[in-house]
Amino acid sequence: MYVDPLPTPYPHEEEDWQQSYQSMMQGCRAVPGTNPAKLREALEKMYNGDVDFDECVGPTGNSKVISVPLQKLDKCGVCAKTTALRLCSSCASAIYCSKECQRADWREHKLFCAQTQQVNLKVFYPFIAYLFDYLRHRGPKSGEDLPKNLDPFILSKFEQLGLGTRPHKSDFYLHPVFRHKILRAPAPGARKATPSENTLHHNVVLGEKHNVGLSRIPDPAKLSIWWRGKPPLVSIKLYLHALRETFILEITVTISLLLLSEVYSTHLSRGTSEGGPKTWKHRPCFRLEYGHSPVSDFGICKGRIRGKTNRVQTWTYYEPKTNTRTTVLDPDNHYWLYFRTIKGEEIILDCCSYSYGMETCVDASGCIKCLPSMFRHHGSARTPANFRTAQDADRQLYTLVEEKRFSVMHNTKLHKALSWEVFGGRREDQHAIVREFMTELQGKPVTLEQEDCVREFRTMGAMMLSQVLLGRHWKDWERPTVHSRDDCFDEGGSKRKEYMKGSPEDETCQTSFSGMLGLFSEALGIN
């Protein structure tokens, strides 16, 4: 296919620019609904330097540099004094003992510090929780879901973006409940515990093969066939229960990598020097904080979940025809996120305990109103999340017993793996680093299905996270409302208005893409 040459203001990098331009034009033209004229206009604006977006990629694509804050207050960065120390309040990446030392360092430090943005976990964690739930609902796509007879070039682009092109085991992508009719099952929900009670085990008996289908709103007619004799509200509870049993390891890894690659990365962007040649330079990044204390480390905890106020529940799915039993979750093999501030405060975010009978939820609907409709899901007003500090331990429904933790922020190998602008990475050595990290985390080699799953989830999640960060939307968010349980589907009438908050049908949400995605969304006919 012929592609018109593109004039470039970067003659010393013309070959890189032309190759990148032609690849993008070919890939975008393969998307149904693309407007070629608008596409060329968008590409020319970007490559001619007429736009200046934070995430604008450099000509080689190596446009991210991971920059993480300090872990402790040890000494002044100017005079090496070890007393009366304080952090730079803007970026949390420099230590001073006095205003004099800070002023002496400002000429150099301001190049990095001036535009650093603080993101407070107290208002930001509902969005992180929503990412967990959105990716569960969306689910990964196998190679069988792609159109047949795709051009090899387009297939290669799917691979680069982390979108699966290889056929995999179908049972990896669908929970057993979604592949069969239900013959017998208890209704999901929290069960109160006494100190002497242990884990509560449930058995679900599966019937004939049946694909209930994943959808934004489960179809009541399909649910009545799937689990005969049960009201739709009860069926939806089992549907959500099974959905939230899936991809716990994969999504936890994805979210931790996204926080590192999107929050703690600087991007190469066009310089603004007048008169001279246009150049590319590093831009500042964002910083997570808790209250006014910068986060100095975050990562993944691995351990056990134990009941306290509520009993821990496990579910086994039995298929009589093949005499097979499948237990998806193991309470002795649980994963959650941790954050530690420079003052030593520990914060835990557990978004994966819903299906164990721990139904604490947060209203995340206010966080997603800034997203285009394709990223807004129903039910965000009751998003599973348990956000706690050490001071909250006595008020918790359950306990988490940490056995091992894996820092993501300070894993320098992961810094290298996430340095490429395309969210899934483009080189095998980058994939190998993520593969090694996942293998260490779960204690056994990862499968192709797991690897492709994380790559695809990273692609989708990065687009969502970049929209929030570029728009500085978190600055308008209020302290979230927490609910002890998901009451949207209680018997006696559903809370439809609550369930629809933030969804594509919510008329208060009228948002389009911003930044780089906004530049191309009109040309590609997406919203």
# chains A, B, ... in the order shown; residues from 1 in each chain; ligands from 1
call {"tool": "select_by_dssp", "arguments": {"residues": "region 279-481 of chain A", "states": "helix (DSSP H, G or I)", "output": "ChimeraX atom specification"}}
result
/A:354-356,365-367,373-375,380-382,390-395,412-417,428-442,448-470,473-476
call {"tool": "residues_around", "arguments": {"residues": "Arg287 (chain A)", "least_positions_apart": "2", "cutoff": "12 Å", "atoms": "only C-alpha atoms", "output": "VMD selection string"}}
result
chain A and resid 66 to 70 89 to 93 113 115 to 121 124 259 to 266 284 to 285 289 to 290 292 to 298 341 409 469
call {"tool": "write_last_selection", "arguments": {"atoms": "C-alpha atoms", "output": "tab-separated table (two decimals), in the first residue's frame"}}
result
chain	number	residue	atom	x	y	z
A	66	ILE	CA	11.05	5.55	35.22
A	67	SER	CA	11.80	8.02	38.01
A	68	VAL	CA	10.92	6.95	41.56
A	69	PRO	CA	11.12	8.94	44.82
A	70	LEU	CA	13.51	8.41	47.69
A	89	SER	CA	7.28	19.10	49.08
A	90	SER	CA	6.65	19.17	45.33
A	91	CYS	CA	8.40	16.07	43.99
A	92	ALA	CA	9.56	14.10	47.06
A	93	SER	CA	12.80	13.36	45.22
A	113	CYS	CA	10.52	19.48	40.00
A	115	GLN	CA	5.63	20.41	37.09
A	116	THR	CA	5.52	17.31	39.31
A	117	GLN	CA	1.95	16.54	40.39
A	118	GLN	CA	0.95	14.93	43.71
A	119	VAL	CA	-1.77	12.25	43.54
A	120	ASN	CA	-3.38	11.52	46.90
A	121	LEU	CA	-4.28	7.86	47.45
A	124	PHE	CA	-7.31	8.06	44.01
A	259	LEU	CA	1.20	2.57	38.44
A	260	LEU	CA	4.93	2.37	37.82
A	261	SER	CA	4.85	2.95	34.06
A	262	GLU	CA	2.21	5.70	33.95
A	263	VAL	CA	2.55	7.51	37.29
A	264	TYR	CA	6.32	7.31	37.77
A	265	SER	CA	7.53	7.83	34.22
A	266	THR	CA	8.78	10.91	32.47
A	284	PRO	CA	8.25	15.61	34.88
A	285	CYS	CA	5.94	12.94	36.23
A	289	GLU	CA	1.09	10.35	48.36
A	290	TYR	CA	-1.01	9.48	51.39
A	292	HIS	CA	0.86	14.83	52.66
A	293	SER	CA	3.37	12.00	52.97
A	294	PRO	CA	4.94	10.79	49.69
A	295	VAL	CA	4.74	7.10	48.85
A	296	SER	CA	8.30	5.75	48.93
A	297	ASP	CA	7.51	2.17	47.91
A	298	PHE	CA	4.64	0.10	46.57
A	341	THR	CA	5.16	6.31	52.79
A	409	MET	CA	8.50	0.66	42.52
A	469	LEU	CA	-3.48	11.80	34.70
call {"tool": "atom_distance", "arguments": {"atom1": "CA of Tyr96 (chain A)", "atom2": "CA of Ala80 (chain A)"}}
result
8.6 Å
call {"tool": "select_by_dssp", "arguments": {"residues": "region 58-109 of chain A", "states": "strand (DSSP E or B)", "output": "ChimeraX atom specification"}}
result
/A:64-66,86-87,95-96
call {"tool": "residues_around", "arguments": {"residues": "Lys75 (chain A)", "least_positions_apart": "6", "cutoff": "8 Å", "atoms": "only C-alpha atoms", "output": "list in words"}}
result
Lys81, Thr82, Thr83, Leu85, Ile95, Tyr96 and Cys97 of chain A
call {"tool": "closest_residue", "arguments": {"among": "A:Ala187, A:Val204, A:Met438, A:Ile251", "to": "Phe406 (chain A)", "atoms": "only C-alpha atoms"}}
result
A:Met438
call {"tool": "closest_residue", "arguments": {"among": "A:Val434, A:Cys352, A:Ala94, A:Cys361", "to": "Thr412 (chain A)", "atoms": "only C-alpha atoms"}}
result
A:Val434
call {"tool": "closest_residue", "arguments": {"among": "A:Thr314, A:Asp452, A:Leu258, A:Leu111", "to": "Pro186 (chain A)", "atoms": "only C-alpha atoms"}}
result
A:Thr314
call {"tool": "residues_around", "arguments": {"residues": "Ser380 (chain A)", "least_positions_apart": "2", "cutoff": "6 Å", "atoms": "only C-alpha atoms", "output": "list in words"}}
result
Ala364, Ser365, His378, Arg382 and Thr383 of chain A
call {"tool": "closest_residue", "arguments": {"among": "A:Met374, A:Leu87, A:Leu249, A:Leu206", "to": "Thr324 (chain A)", "atoms": "only C-alpha atoms"}}
result
A:Leu206
call {"tool": "closest_residue", "arguments": {"among": "A:Pro126, A:Gly139, A:Pro504, A:Gly77", "to": "Val454 (chain A)", "atoms": "only C-alpha atoms"}}
result
A:Gly139
call {"tool": "closest_residue", "arguments": {"among": "A:Ala129, A:Ala84, A:Ala381, A:Val312", "to": "Lys497 (chain A)", "atoms": "only C-alpha atoms"}}
result
A:Ala381
call {"tool": "residues_around", "arguments": {"residues": "Cys351 (chain A)", "least_positions_apart": "4", "cutoff": "12 Å", "atoms": "only C-alpha atoms", "output": "PyMOL selection string"}}
result
chain A and resi 125-134+136+244-245+247-249+251-252+255+334-338+355-356+358-362+382-388
call {"tool": "residues_around", "arguments": {"residues": "Arg479 (chain A)", "least_positions_apart": "2", "cutoff": "9 Å", "atoms": "only C-alpha atoms", "output": "PyMOL selection string"}}
result
chain A and resi 122-124+477+481
call {"tool": "atom_distance", "arguments": {"atom1": "CA of Gln442 (chain A)", "atom2": "CA of Leu200 (chain A)"}}
result
24.6 Å
